[in-house]
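The structure appears below as structure tokens.
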Amino acid sequence: MWRDYSSGLLKNNHTSVLSVRVSAFISALLLSLLCGLFYNMWKYEVERIEREEGGWHSRLIGEISDKDLEAIKNFGNVKDAVRNESGKAGISTDIGDAEALTDIEGAEALTVNEGAENSADLYFYDLRNVFSDTPRIAELVGISPEKAVYNYPLLAMYLIRDSRDTAPRLVFPMFIIIMAMASMSLVVIIHNAFAVSMNVRVRQFGIFSSIGATPRQIRTCLLQEAAALCAVPVIAGNLLGIAGAMGLLHMTNVLLAGGVAGRHKAVFGVHPLVLAGALGVTVVTIWISAWLPAKKLSRLTPLEAIRSTDELQLKRRKNSPILARLFGVEGELAGNALKAQKKALRTASFSLALAFMAYTMMQCFFSLSGISTRETYFERYQNVWDIMVTVKDAGADIFEETKAIRNLAGVKDAAAYQKASAKRIITEEEMSEDMKAFGGFSHASGEFVTKVDSGWLVNAPILVMDDESFLDYCKQIGIAPRLDGAVIRNQIRDVTNPDFRHPDFLPYLKQDDLEKESASILRQSGNEQVTAEIPVLSYAEEVPALREEYATLDYYELVHFIPVSLWEEIKGQTGGGESDVYIRVLGKENAALEELNALQDQIEQLLSRKYTVECENRIQEYETSRIQIWGMMTFFGALCVLLALIGIGNIFSNTLGFVRQRKREFARYMSIGLTPEELRKMFCIEALAIAGRPILITLPPAVLVAGYMLKLSYVEVGEFLAEAPLMPITAFMLAILGAVGLAYFLAWRNVRRISLAEVLRDDTMM
């Protein structure tokens, strides 16, 4: 009987059936998409950690014989144990950190190479016991438990944490939180769809109850209907969600192909447990959504159910002054209808407001980021470099290779340089009056500047240039070209001006004393008693054409430019030289990407025979940066769209589900003189209010946040407005309006065919 009743009802109630099926399909699609994306993100992160750090779970440092290794392998929970032949004994406590990991008790530091030849990597079956079994294994082979090292990043990916690991490791927890939030949001949407479908039959269930149907039978009937309605949409939504995750991963590989150094290609995969998990989460979500209204209906007494009309009604009549003033009587009626649906539309309003706010903020952020990157990097160095070469662990002979690079066809200029660190004391008499005016060293951090008896000890970075480039630099600043001294950058930023985009630069040292100054005493970093005295050729405000920024973190550093021939004489005293050498290459005027690529290949062929080199191409860097930003915008934009779909799904569910109730409502309005055109206007007002309210609510805070970002980035308002993302924001807003309008159009198409006499006569039309 219940099967016949349900099948007949579902065949004759297409609107409610469609509403439930659409809600179930959207829920399955979103949950499956999230599961597929996050599983592949997790899988990619595990692969990255295993490639960079290794797939071991714990490591023992110490003398381990073959007998000890065999004993470790025989330990119950040990899957495998192998000698570490990678030359690494420790792993960083945070991803990408190059520092050595300390031992688990923190008493003794393990450097990266310590004990590499005497260490064993352990692999476990049950990862939950890694932190308890490893000390026991260490004691078994006679090694102190303090010499145990754990692969914290890898273990954290399996939710295995230890109190001694202080890094946040948020990838997996964030996935769980997002899935829980998405499920709760979707429960509200589907619950509303089921509630609408079930509530229209309150009186019928009251009649069934009065003739002997038990609450359990009613609840079972409703849940069977939910299963029949959602089976196909859930399967289709899950399959489409997995396909969508595959497509997004493929798009990520295309966007980032060759754009990120060292990135390995992400390979799509779906574990059977992921499919089962996505399906299970969807089924549980839908079951909860159907069970809540079914439980409520089953608890109604026959009298309550028969008396119920379940129409959209206000508990207390409220006015809608704004809608009434703008649209008249239709606006007042639309406002009352929206207030009656306030609880049902709460999720839609919140989701649409949050989606529009997030999308607007994302667009503003990336626009500001693009302006900043273009001005401070690409445009700033446009005429400085086209190709940047980093030569790893190079000696002084690399500077001679610069001559060969200069002779290549298509090269306008080339300069090789190396970085080194040193210290210098600045006395109060040397400081310029302008520097004293803003407080001198009173604003300096103790991290960079140290007060000493004779003045202040400041950082004095050294840029070692090839001799030919240094001579050209001397000509550039108007001094006699010489190779026996240094040129010092005589500029300091006004630290009282926080505008980093338009800084005020002032003289560092007194102008009157510059002609008298004949030498600069450089001190070795960490051992300031060791000094090197070098002649000063000039104090200049103009710097060489290199792709370098000066005094960005330490505003008080005093940069020295010296030729490589002088560096060979003093490097034993100053020390602090980096092992890498940088070669800045400037191509011909208006060189195209293809020309720079060809030039880059020639440089790599020239140097790679003797050195390990890494090359950067300015135009390629710009294109890669643009594609990566577009990819990030696409990803975050997709999340905003998914968030908006939650709200739009709620609106579709609500508008299509309440068609039967609203037919009776509109029949009453027609009975007192409202025309179909006025009713359609009322529908349009409702759609405009539902879509427009989240937009109007979020615009003021969005403008305030954008203004705050402008303030932090020191971008002029006019400059931002010239590139403001008005078109995508407007398109997103129109998409929301269009989707809401479509939902109300479909609902109106069903409502407009009402017959006044038939509706008022039909007592089941609720």
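Simple scheme: letters A, B, ... for chains in structure tokens order, numbers from 1 for residues in each chain, numbers from 1 for ligands in the order shown.
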Would you please give, as an mmCIF file with N, CA, C and O atoms, in the first residue's frame, all residues of range 382-551 of chain A that DSSP assigns to strand (DSSP E or B) based on the backbone?
```
data_model
loop_
_atom_site.group_PDB
_atom_site.id
_atom_site.type_symbol
_atom_site.label_atom_id
_atom_site.label_comp_id
_atom_site.auth_asym_id
_atom_site.auth_seq_id
_atom_site.Cartn_x
_atom_site.Cartn_y
_atom_site.Cartn_z
ATOM 1 N N ILE A 387 67.755 37.923 -19.091
ATOM 2 C CA ILE A 387 68.062 36.559 -18.652
ATOM 3 C C ILE A 387 68.922 36.656 -17.396
ATOM 4 O O ILE A 387 69.867 37.440 -17.336
ATOM 5 N N MET A 388 68.559 35.861 -16.397
ATOM 6 C CA MET A 388 69.317 35.828 -15.149
ATOM 7 C C MET A 388 69.844 34.418 -14.963
ATOM 8 O O MET A 388 69.074 33.450 -14.952
ATOM 9 N N VAL A 389 71.170 34.308 -14.818
ATOM 10 C CA VAL A 389 71.814 33.008 -14.683
ATOM 11 C C VAL A 389 72.388 32.893 -13.277
ATOM 12 O O VAL A 389 73.097 33.790 -12.814
ATOM 13 N N THR A 390 72.067 31.800 -12.601
ATOM 14 C CA THR A 390 72.667 31.495 -11.296
ATOM 15 C C THR A 390 73.611 30.326 -11.490
ATOM 16 O O THR A 390 73.196 29.230 -11.882
ATOM 17 N N VAL A 391 74.904 30.578 -11.237
ATOM 18 C CA VAL A 391 75.932 29.546 -11.381
ATOM 19 C C VAL A 391 76.234 29.000 -9.993
ATOM 20 O O VAL A 391 76.699 29.729 -9.114
ATOM 21 N N LYS A 392 75.963 27.733 -9.769
ATOM 22 C CA LYS A 392 76.108 27.116 -8.456
ATOM 23 C C LYS A 392 77.575 26.793 -8.162
ATOM 24 O O LYS A 392 78.288 26.260 -9.028
ATOM 25 N N VAL A 411 73.222 39.700 -27.361
ATOM 26 C CA VAL A 411 73.500 40.206 -26.019
ATOM 27 C C VAL A 411 73.920 41.666 -26.112
ATOM 28 O O VAL A 411 74.889 42.011 -26.804
ATOM 29 N N LYS A 412 73.206 42.518 -25.423
ATOM 30 C CA LYS A 412 73.544 43.937 -25.370
ATOM 31 C C LYS A 412 74.520 44.234 -24.243
ATOM 32 O O LYS A 412 75.430 45.061 -24.387
ATOM 33 N N ASP A 413 74.335 43.568 -23.114
ATOM 34 C CA ASP A 413 75.208 43.791 -21.965
ATOM 35 C C ASP A 413 75.102 42.586 -21.042
ATOM 36 O O ASP A 413 74.077 41.890 -21.014
ATOM 37 N N ALA A 414 76.159 42.350 -20.279
ATOM 38 C CA ALA A 414 76.163 41.264 -19.297
ATOM 39 C C ALA A 414 77.056 41.661 -18.137
ATOM 40 O O ALA A 414 78.077 42.330 -18.322
ATOM 41 N N ALA A 415 76.664 41.265 -16.950
ATOM 42 C CA ALA A 415 77.440 41.570 -15.751
ATOM 43 C C ALA A 415 77.362 40.381 -14.811
ATOM 44 O O ALA A 415 76.279 39.834 -14.582
ATOM 45 N N ALA A 416 78.521 40.002 -14.265
ATOM 46 C CA ALA A 416 78.574 38.920 -13.284
ATOM 47 C C ALA A 416 78.859 39.523 -11.916
ATOM 48 O O ALA A 416 79.658 40.456 -11.794
ATOM 49 N N TYR A 417 78.211 38.977 -10.901
ATOM 50 C CA TYR A 417 78.456 39.488 -9.554
ATOM 51 C C TYR A 417 78.210 38.395 -8.528
ATOM 52 O O TYR A 417 77.500 37.422 -8.771
ATOM 53 N N GLN A 418 78.829 38.612 -7.378
ATOM 54 C CA GLN A 418 78.743 37.684 -6.262
ATOM 55 C C GLN A 418 78.413 38.485 -5.008
ATOM 56 O O GLN A 418 78.706 39.685 -4.930
ATOM 57 N N LYS A 419 77.775 37.842 -4.035
ATOM 58 C CA LYS A 419 77.389 38.547 -2.814
ATOM 59 C C LYS A 419 78.248 38.071 -1.649
ATOM 60 O O LYS A 419 78.611 36.903 -1.562
ATOM 61 N N ALA A 420 78.518 39.001 -0.763
ATOM 62 C CA ALA A 420 79.258 38.685 0.453
ATOM 63 C C ALA A 420 78.748 39.570 1.571
ATOM 64 O O ALA A 420 78.097 40.599 1.334
ATOM 65 N N LYS A 423 80.736 43.795 8.011
ATOM 66 C CA LYS A 423 80.251 44.794 8.961
ATOM 67 C C LYS A 423 81.085 46.063 8.834
ATOM 68 O O LYS A 423 82.216 46.044 8.357
ATOM 69 N N ARG A 424 80.495 47.175 9.288
ATOM 70 C CA ARG A 424 81.254 48.420 9.354
ATOM 71 C C ARG A 424 80.700 49.274 10.479
ATOM 72 O O ARG A 424 79.494 49.236 10.766
ATOM 73 N N ILE A 425 81.585 50.043 11.122
ATOM 74 C CA ILE A 425 81.174 50.944 12.196
ATOM 75 C C ILE A 425 80.915 52.332 11.612
ATOM 76 O O ILE A 425 81.737 52.877 10.863
ATOM 77 N N ILE A 426 79.735 52.898 11.954
ATOM 78 C CA ILE A 426 79.373 54.256 11.569
ATOM 79 C C ILE A 426 79.420 55.119 12.829
ATOM 80 O O ILE A 426 78.735 54.819 13.817
ATOM 81 N N MET A 431 77.335 60.510 10.297
ATOM 82 C CA MET A 431 75.920 60.547 9.913
ATOM 83 C C MET A 431 75.541 61.901 9.326
ATOM 84 O O MET A 431 75.959 62.954 9.831
ATOM 85 N N THR A 450 74.105 47.210 15.981
ATOM 86 C CA THR A 450 74.609 47.022 17.340
ATOM 87 C C THR A 450 75.341 48.282 17.784
ATOM 88 O O THR A 450 76.204 48.796 17.056
ATOM 89 N N LYS A 451 74.997 48.784 18.967
ATOM 90 C CA LYS A 451 75.678 49.965 19.519
ATOM 91 C C LYS A 451 77.023 49.541 20.107
ATOM 92 O O LYS A 451 77.114 48.606 20.893
ATOM 93 N N VAL A 452 78.085 50.224 19.661
ATOM 94 C CA VAL A 452 79.432 49.981 20.178
ATOM 95 C C VAL A 452 79.989 51.294 20.704
ATOM 96 O O VAL A 452 79.384 52.364 20.551
ATOM 97 N N GLY A 455 80.519 53.962 17.965
ATOM 98 C CA GLY A 455 79.389 54.303 17.106
ATOM 99 C C GLY A 455 78.391 53.164 17.009
ATOM 100 O O GLY A 455 77.973 52.598 18.025
ATOM 101 N N TRP A 456 78.059 52.795 15.788
ATOM 102 C CA TRP A 456 77.088 51.729 15.566
ATOM 103 C C TRP A 456 77.651 50.740 14.545
ATOM 104 O O TRP A 456 78.152 51.147 13.473
ATOM 105 N N LEU A 457 77.584 49.478 14.864
ATOM 106 C CA LEU A 457 78.047 48.427 13.964
ATOM 107 C C LEU A 457 76.887 48.023 13.064
ATOM 108 O O LEU A 457 75.867 47.514 13.534
ATOM 109 N N VAL A 458 77.032 48.268 11.766
ATOM 110 C CA VAL A 458 75.953 48.000 10.814
ATOM 111 C C VAL A 458 76.414 46.959 9.802
ATOM 112 O O VAL A 458 77.609 46.692 9.648
ATOM 113 N N ASN A 459 75.441 46.365 9.122
ATOM 114 C CA ASN A 459 75.755 45.438 8.039
ATOM 115 C C ASN A 459 76.283 46.210 6.839
ATOM 116 O O ASN A 459 75.749 47.277 6.480
ATOM 117 N N ILE A 462 78.473 43.294 0.520
ATOM 118 C CA ILE A 462 79.433 43.522 -0.561
ATOM 119 C C ILE A 462 78.906 42.874 -1.828
ATOM 120 O O ILE A 462 78.528 41.698 -1.823
ATOM 121 N N LEU A 463 78.854 43.635 -2.916
ATOM 122 C CA LEU A 463 78.532 43.087 -4.228
ATOM 123 C C LEU A 463 79.806 43.102 -5.054
ATOM 124 O O LEU A 463 80.333 44.168 -5.403
ATOM 125 N N VAL A 464 80.303 41.904 -5.329
ATOM 126 C CA VAL A 464 81.550 41.744 -6.076
ATOM 127 C C VAL A 464 81.208 41.652 -7.557
ATOM 128 O O VAL A 464 80.544 40.703 -7.990
ATOM 129 N N MET A 465 81.657 42.633 -8.336
ATOM 130 C CA MET A 465 81.318 42.699 -9.758
ATOM 131 C C MET A 465 82.530 42.316 -10.600
ATOM 132 O O MET A 465 83.683 42.492 -10.177
ATOM 133 N N ALA A 486 86.386 50.826 -3.686
ATOM 134 C CA ALA A 486 84.957 50.499 -3.636
ATOM 135 C C ALA A 486 84.125 51.746 -3.861
ATOM 136 O O ALA A 486 84.555 52.872 -3.572
ATOM 137 N N VAL A 487 82.918 51.523 -4.366
ATOM 138 C CA VAL A 487 81.898 52.569 -4.440
ATOM 139 C C VAL A 487 80.833 52.215 -3.408
ATOM 140 O O VAL A 487 80.351 51.086 -3.378
ATOM 141 N N ILE A 488 80.495 53.185 -2.558
ATOM 142 C CA ILE A 488 79.547 52.938 -1.470
ATOM 143 C C ILE A 488 78.229 53.636 -1.777
ATOM 144 O O ILE A 488 78.208 54.805 -2.164
ATOM 145 N N ARG A 489 77.156 52.899 -1.617
ATOM 146 C CA ARG A 489 75.812 53.467 -1.805
ATOM 147 C C ARG A 489 75.487 54.376 -0.614
ATOM 148 O O ARG A 489 75.323 53.929 0.507
ATOM 149 N N ILE A 492 69.884 56.224 2.440
ATOM 150 C CA ILE A 492 69.127 55.539 3.475
ATOM 151 C C ILE A 492 67.686 55.978 3.364
ATOM 152 O O ILE A 492 67.393 57.149 3.079
ATOM 153 N N ARG A 493 66.808 55.050 3.578
ATOM 154 C CA ARG A 493 65.383 55.360 3.495
ATOM 155 C C ARG A 493 64.919 56.043 4.777
ATOM 156 O O ARG A 493 65.379 55.702 5.879
ATOM 157 N N PHE A 505 64.340 58.822 0.081
ATOM 158 C CA PHE A 505 65.734 58.472 0.328
ATOM 159 C C PHE A 505 66.524 59.722 0.694
ATOM 160 O O PHE A 505 66.370 60.782 0.068
ATOM 161 N N LEU A 506 67.380 59.574 1.685
ATOM 162 C CA LEU A 506 68.175 60.677 2.201
ATOM 163 C C LEU A 506 69.641 60.262 2.203
ATOM 164 O O LEU A 506 69.965 59.072 2.189
ATOM 165 N N LEU A 509 75.613 59.362 4.790
ATOM 166 C CA LEU A 509 76.759 60.006 5.410
ATOM 167 C C LEU A 509 76.831 61.470 5.005
ATOM 168 O O LEU A 509 76.256 61.885 3.988
ATOM 169 N N ALA A 519 89.062 55.716 2.965
ATOM 170 C CA ALA A 519 89.068 54.273 3.163
ATOM 171 C C ALA A 519 87.853 53.860 3.966
ATOM 172 O O ALA A 519 87.286 54.636 4.736
ATOM 173 N N SER A 520 87.454 52.609 3.756
ATOM 174 C CA SER A 520 86.364 52.012 4.516
ATOM 175 C C SER A 520 86.907 50.755 5.178
ATOM 176 O O SER A 520 87.519 49.903 4.521
ATOM 177 N N ILE A 521 86.709 50.655 6.484
ATOM 178 C CA ILE A 521 87.213 49.504 7.236
ATOM 179 C C ILE A 521 86.083 48.492 7.383
ATOM 180 O O ILE A 521 85.121 48.705 8.121
ATOM 181 N N LEU A 522 86.205 47.394 6.674
ATOM 182 C CA LEU A 522 85.205 46.333 6.727
ATOM 183 C C LEU A 522 85.618 45.297 7.758
ATOM 184 O O LEU A 522 86.809 44.958 7.885
ATOM 185 N N ARG A 523 84.637 44.785 8.482
ATOM 186 C CA ARG A 523 84.899 43.813 9.539
ATOM 187 C C ARG A 523 84.196 42.495 9.202
ATOM 188 O O ARG A 523 83.099 42.478 8.657
ATOM 189 N N GLN A 524 84.839 41.421 9.556
ATOM 190 C CA GLN A 524 84.300 40.087 9.266
ATOM 191 C C GLN A 524 83.062 39.823 10.119
ATOM 192 O O GLN A 524 83.087 40.031 11.336
ATOM 193 N N ASN A 527 83.118 37.896 13.549
ATOM 194 C CA ASN A 527 84.457 38.061 14.136
ATOM 195 C C ASN A 527 84.951 39.452 13.764
ATOM 196 O O ASN A 527 85.824 39.612 12.904
ATOM 197 N N GLU A 528 84.361 40.458 14.396
ATOM 198 C CA GLU A 528 84.580 41.844 13.999
ATOM 199 C C GLU A 528 85.999 42.342 14.244
ATOM 200 O O GLU A 528 86.360 43.438 13.815
ATOM 201 N N GLN A 529 86.823 41.565 14.947
ATOM 202 C CA GLN A 529 88.206 41.980 15.185
ATOM 203 C C GLN A 529 89.054 41.858 13.923
ATOM 204 O O GLN A 529 90.078 42.523 13.783
ATOM 205 N N VAL A 530 88.635 40.987 12.990
ATOM 206 C CA VAL A 530 89.340 40.821 11.716
ATOM 207 C C VAL A 530 88.818 41.867 10.744
ATOM 208 O O VAL A 530 87.618 41.925 10.469
ATOM 209 N N THR A 531 89.705 42.713 10.235
ATOM 210 C CA THR A 531 89.281 43.834 9.396
ATOM 211 C C THR A 531 90.022 43.829 8.062
ATOM 212 O O THR A 531 91.067 43.181 7.908
ATOM 213 N N ALA A 532 89.459 44.574 7.147
ATOM 214 C CA ALA A 532 90.090 44.812 5.846
ATOM 215 C C ALA A 532 89.834 46.267 5.469
ATOM 216 O O ALA A 532 88.682 46.709 5.432
ATOM 217 N N GLU A 533 90.882 46.992 5.196
ATOM 218 C CA GLU A 533 90.753 48.415 4.842
ATOM 219 C C GLU A 533 90.869 48.555 3.335
ATOM 220 O O GLU A 533 91.850 48.123 2.723
ATOM 221 N N ILE A 534 89.806 49.140 2.736
ATOM 222 C CA ILE A 534 89.814 49.305 1.276
ATOM 223 C C ILE A 534 89.581 50.766 0.929
ATOM 224 O O ILE A 534 88.842 51.478 1.620
ATOM 225 N N PRO A 535 90.219 51.240 -0.143
ATOM 226 C CA PRO A 535 90.005 52.634 -0.572
ATOM 227 C C PRO A 535 88.564 52.836 -1.038
ATOM 228 O O PRO A 535 87.923 51.912 -1.547
ATOM 229 N N VAL A 536 88.065 54.055 -0.839
ATOM 230 C CA VAL A 536 86.733 54.416 -1.306
ATOM 231 C C VAL A 536 86.880 55.327 -2.513
ATOM 232 O O VAL A 536 87.457 56.415 -2.412
ATOM 233 N N LEU A 537 86.397 54.866 -3.641
ATOM 234 C CA LEU A 537 86.477 55.662 -4.861
ATOM 235 C C LEU A 537 85.404 56.732 -4.909
ATOM 236 O O LEU A 537 85.637 57.829 -5.419
ATOM 237 N N SER A 538 84.215 56.406 -4.391
ATOM 238 C CA SER A 538 83.122 57.376 -4.432
ATOM 239 C C SER A 538 81.987 56.910 -3.541
ATOM 240 O O SER A 538 81.853 55.710 -3.264
ATOM 241 N N TYR A 539 81.185 57.881 -3.084
ATOM 242 C CA TYR A 539 79.903 57.615 -2.426
ATOM 243 C C TYR A 539 78.823 58.040 -3.414
ATOM 244 O O TYR A 539 78.790 59.213 -3.816
ATOM 245 N N ALA A 540 77.971 57.140 -3.803
ATOM 246 C CA ALA A 540 77.024 57.423 -4.885
ATOM 247 C C ALA A 540 75.606 57.066 -4.474
ATOM 248 O O ALA A 540 75.377 56.207 -3.617
#
```
message: Which residues are near Pro700 in chain A? Cut-off 12 Å, only C-alpha atoms, ignore same chain within fewer than 6 positions. Put them as a VMD selection string.
response: chain A and resid 353 357 360 to 361 694 706 to 707
message: Quick check, in Å to one decimal: how far apart do CA of Asp453 in chain A and CA of Gly439 in chain A lie?
response: 18.6 Å
field: Who sits within 9 Å of Glu330 in chain A, only C-alpha atoms, same chain under 4 positions skipped, as a list in words
entry: Leu323, Ala324, Ala334, Gly335, Glu678, Leu679, Lys681, Met682, Phe683 and Ile685 of chain A
Given the selection you just returned, output its residues as a file containing N, CA and C atoms, formatted as a PDB file, in the first residue's frame.
```
ATOM      1  N   LEU A 323      10.530  48.226   0.094  1.00  0.00           N
ATOM      2  CA  LEU A 323       9.905  47.611  -1.078  1.00  0.00           C
ATOM      3  C   LEU A 323       8.570  48.270  -1.392  1.00  0.00           C
ATOM      4  N   ALA A 324       7.805  48.628  -0.350  1.00  0.00           N
ATOM      5  CA  ALA A 324       6.515  49.280  -0.577  1.00  0.00           C
ATOM      6  C   ALA A 324       6.706  50.635  -1.231  1.00  0.00           C
ATOM      7  N   ALA A 334       5.394  41.217  -1.712  1.00  0.00           N
ATOM      8  CA  ALA A 334       6.634  40.464  -1.886  1.00  0.00           C
ATOM      9  C   ALA A 334       7.446  40.459  -0.601  1.00  0.00           C
ATOM     10  N   GLY A 335       7.477  41.593   0.084  1.00  0.00           N
ATOM     11  CA  GLY A 335       8.200  41.673   1.347  1.00  0.00           C
ATOM     12  C   GLY A 335       7.619  40.739   2.389  1.00  0.00           C
ATOM     13  N   GLU A 678       0.370  41.812 -12.212  1.00  0.00           N
ATOM     14  CA  GLU A 678       0.788  42.289 -10.895  1.00  0.00           C
ATOM     15  C   GLU A 678       1.412  41.159 -10.080  1.00  0.00           C
ATOM     16  N   LEU A 679       0.891  39.939 -10.253  1.00  0.00           N
ATOM     17  CA  LEU A 679       1.494  38.800  -9.568  1.00  0.00           C
ATOM     18  C   LEU A 679       2.891  38.498 -10.110  1.00  0.00           C
ATOM     19  N   LYS A 681       4.860  40.714 -11.394  1.00  0.00           N
ATOM     20  CA  LYS A 681       5.702  41.774 -10.851  1.00  0.00           C
ATOM     21  C   LYS A 681       6.127  41.447  -9.419  1.00  0.00           C
ATOM     22  N   MET A 682       5.213  40.878  -8.657  1.00  0.00           N
ATOM     23  CA  MET A 682       5.529  40.486  -7.279  1.00  0.00           C
ATOM     24  C   MET A 682       6.621  39.419  -7.264  1.00  0.00           C
ATOM     25  N   PHE A 683       6.541  38.448  -8.176  1.00  0.00           N
ATOM     26  CA  PHE A 683       7.578  37.421  -8.286  1.00  0.00           C
ATOM     27  C   PHE A 683       8.925  38.049  -8.632  1.00  0.00           C
ATOM     28  N   ILE A 685       9.929  41.064  -8.028  1.00  0.00           N
ATOM     29  CA  ILE A 685      10.430  41.815  -6.866  1.00  0.00           C
ATOM     30  C   ILE A 685      11.070  40.872  -5.864  1.00  0.00           C
TER      31      ILE A 685
END
```
task: From range 291-451 of chain A, collect each residue whose DSSP state is alpha helix (DSSP H) and return the set as a VMD selection string.
output: chain A and resid 291 to 298 302 to 307 321 to 327 329 to 340 346 to 373 398 to 406 433 to 437
Let's have the selection written as a short mmCIF file (atom, residue, chain, number, x, y, z; two decimals), in the first residue's frame, with C-alpha atoms.
```cif
data_model
loop_
_atom_site.label_atom_id
_atom_site.label_comp_id
_atom_site.auth_asym_id
_atom_site.auth_seq_id
_atom_site.Cartn_x
_atom_site.Cartn_y
_atom_site.Cartn_z
CA TRP A 291 15.04 12.09 8.48
CA LEU A 292 14.64 15.48 10.20
CA PRO A 293 11.34 16.49 8.51
CA ALA A 294 10.14 12.87 8.47
CA LYS A 295 10.62 12.63 12.23
CA LYS A 296 8.78 15.91 12.72
CA LEU A 297 5.81 14.79 10.60
CA SER A 298 5.60 11.39 12.23
CA PRO A 302 -3.96 13.22 13.66
CA LEU A 303 -5.83 16.36 14.79
CA GLU A 304 -2.76 18.60 14.35
CA ALA A 305 -2.07 17.16 10.93
CA ILE A 306 -5.67 17.50 9.68
CA ARG A 307 -5.93 21.09 10.94
CA PRO A 321 8.69 50.12 3.86
CA ILE A 322 11.54 50.09 1.31
CA LEU A 323 9.90 47.61 -1.08
CA ALA A 324 6.51 49.28 -0.58
CA ARG A 325 7.95 52.71 -1.36
CA LEU A 326 9.79 51.46 -4.44
CA PHE A 327 7.22 49.07 -5.90
CA VAL A 329 1.43 47.13 -3.19
CA GLU A 330 3.33 44.42 -5.03
CA GLY A 331 6.46 45.34 -3.10
CA GLU A 332 4.60 45.11 0.22
CA LEU A 333 3.21 41.66 -0.70
CA ALA A 334 6.63 40.46 -1.89
CA GLY A 335 8.20 41.67 1.35
CA ASN A 336 5.65 39.75 3.42
CA ALA A 337 6.24 36.60 1.36
CA LEU A 338 10.01 36.90 1.87
CA LYS A 339 9.57 37.36 5.61
CA ALA A 340 7.41 34.23 5.70
CA ARG A 346 18.58 31.83 5.49
CA THR A 347 21.15 29.49 3.97
CA ALA A 348 20.73 31.04 0.53
CA SER A 349 21.24 34.57 1.84
CA PHE A 350 24.32 33.61 3.84
CA SER A 351 25.88 31.56 1.02
CA LEU A 352 25.32 34.20 -1.65
CA ALA A 353 26.59 37.00 0.60
CA LEU A 354 29.69 35.03 1.54
CA ALA A 355 30.33 33.96 -2.08
CA PHE A 356 30.00 37.51 -3.43
CA MET A 357 32.16 38.92 -0.62
CA ALA A 358 34.87 36.29 -1.14
CA TYR A 359 34.83 36.72 -4.93
CA THR A 360 35.05 40.50 -4.69
CA MET A 361 37.91 40.34 -2.18
CA MET A 362 39.74 37.77 -4.31
CA GLN A 363 39.48 39.92 -7.43
CA CYS A 364 40.63 43.05 -5.58
CA PHE A 365 43.52 41.20 -3.95
CA PHE A 366 44.85 39.73 -7.18
CA SER A 367 44.42 43.06 -8.99
CA LEU A 368 46.47 44.82 -6.32
CA SER A 369 48.99 41.99 -6.34
CA GLY A 370 49.31 42.26 -10.12
CA ILE A 371 49.83 46.02 -9.97
CA SER A 372 52.44 45.66 -7.23
CA THR A 373 54.35 42.85 -8.95
CA ILE A 398 83.39 32.19 -13.74
CA PHE A 399 83.86 35.93 -14.03
CA GLU A 400 86.02 35.30 -17.09
CA GLU A 401 83.12 33.44 -18.73
CA THR A 402 81.19 36.71 -18.77
CA LYS A 403 83.37 37.89 -21.67
CA ALA A 404 82.20 34.96 -23.78
CA ILE A 405 78.58 35.71 -22.90
CA ARG A 406 79.01 39.36 -23.93
CA GLU A 433 72.03 65.81 9.16
CA ASP A 434 69.02 64.41 7.33
CA MET A 435 69.56 61.01 8.94
CA LYS A 436 69.92 62.62 12.36
CA ALA A 437 66.67 64.53 11.74
#
```
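Of the listed residues A:Ala81, A:Phe470, A:Ile570, A:Asp386, the one whose atoms come nearest to Leu593 in chain A is A:Asp386, with distances taken using only C-alpha atoms.
Close contacts of range 729-743 of chain A, defined as residues with an atom at most 8 Å away when counting only C-alpha atoms, with chain neighbours fewer than 5 positions off set aside, comprise Leu352, Phe356, Tyr359, Thr360, Gln363, Ala644, Ile648, Ile651, Phe652, Thr655, Leu656, Cys684, Ala687, Leu688, Ile690, Ala691, Gly692 and Ile695 of chain A.
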task: Name the residues in contact with Gly269 in chain A at a cut-off of 9 Å, using only C-alpha atoms, excluding same-chain residues fewer than 4 positions from it; report them as a list in words.
output: Gly36, Tyr39, Asn40, Lys43 and Met246 of chain A
Okay, now the selection with N, CA, C and O atoms, as a compact mmCIF listing (two decimals), in the first residue's frame?
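So the final result, stored in again-v4.txt, reads:
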```txt
# COMPACT_ATOMS: atom_id res chain seq x y z
N GLY A 36 37.37 14.27 -4.17
CA GLY A 36 38.36 14.00 -5.21
C GLY A 36 39.51 14.98 -5.19
O GLY A 36 40.69 14.60 -5.30
N TYR A 39 41.62 14.52 -1.86
CA TYR A 39 42.40 13.29 -1.88
C TYR A 39 43.64 13.46 -2.76
O TYR A 39 44.74 13.04 -2.39
N ASN A 40 43.47 14.08 -3.93
CA ASN A 40 44.61 14.26 -4.82
C ASN A 40 45.59 15.30 -4.28
O ASN A 40 46.79 15.20 -4.54
N LYS A 43 47.43 13.26 -1.73
CA LYS A 43 48.31 12.32 -2.44
C LYS A 43 49.53 13.04 -3.01
O LYS A 43 50.66 12.56 -2.90
N MET A 246 39.13 15.45 -11.76
CA MET A 246 40.14 15.08 -12.74
C MET A 246 40.43 16.23 -13.69
O MET A 246 41.60 16.54 -14.00
```
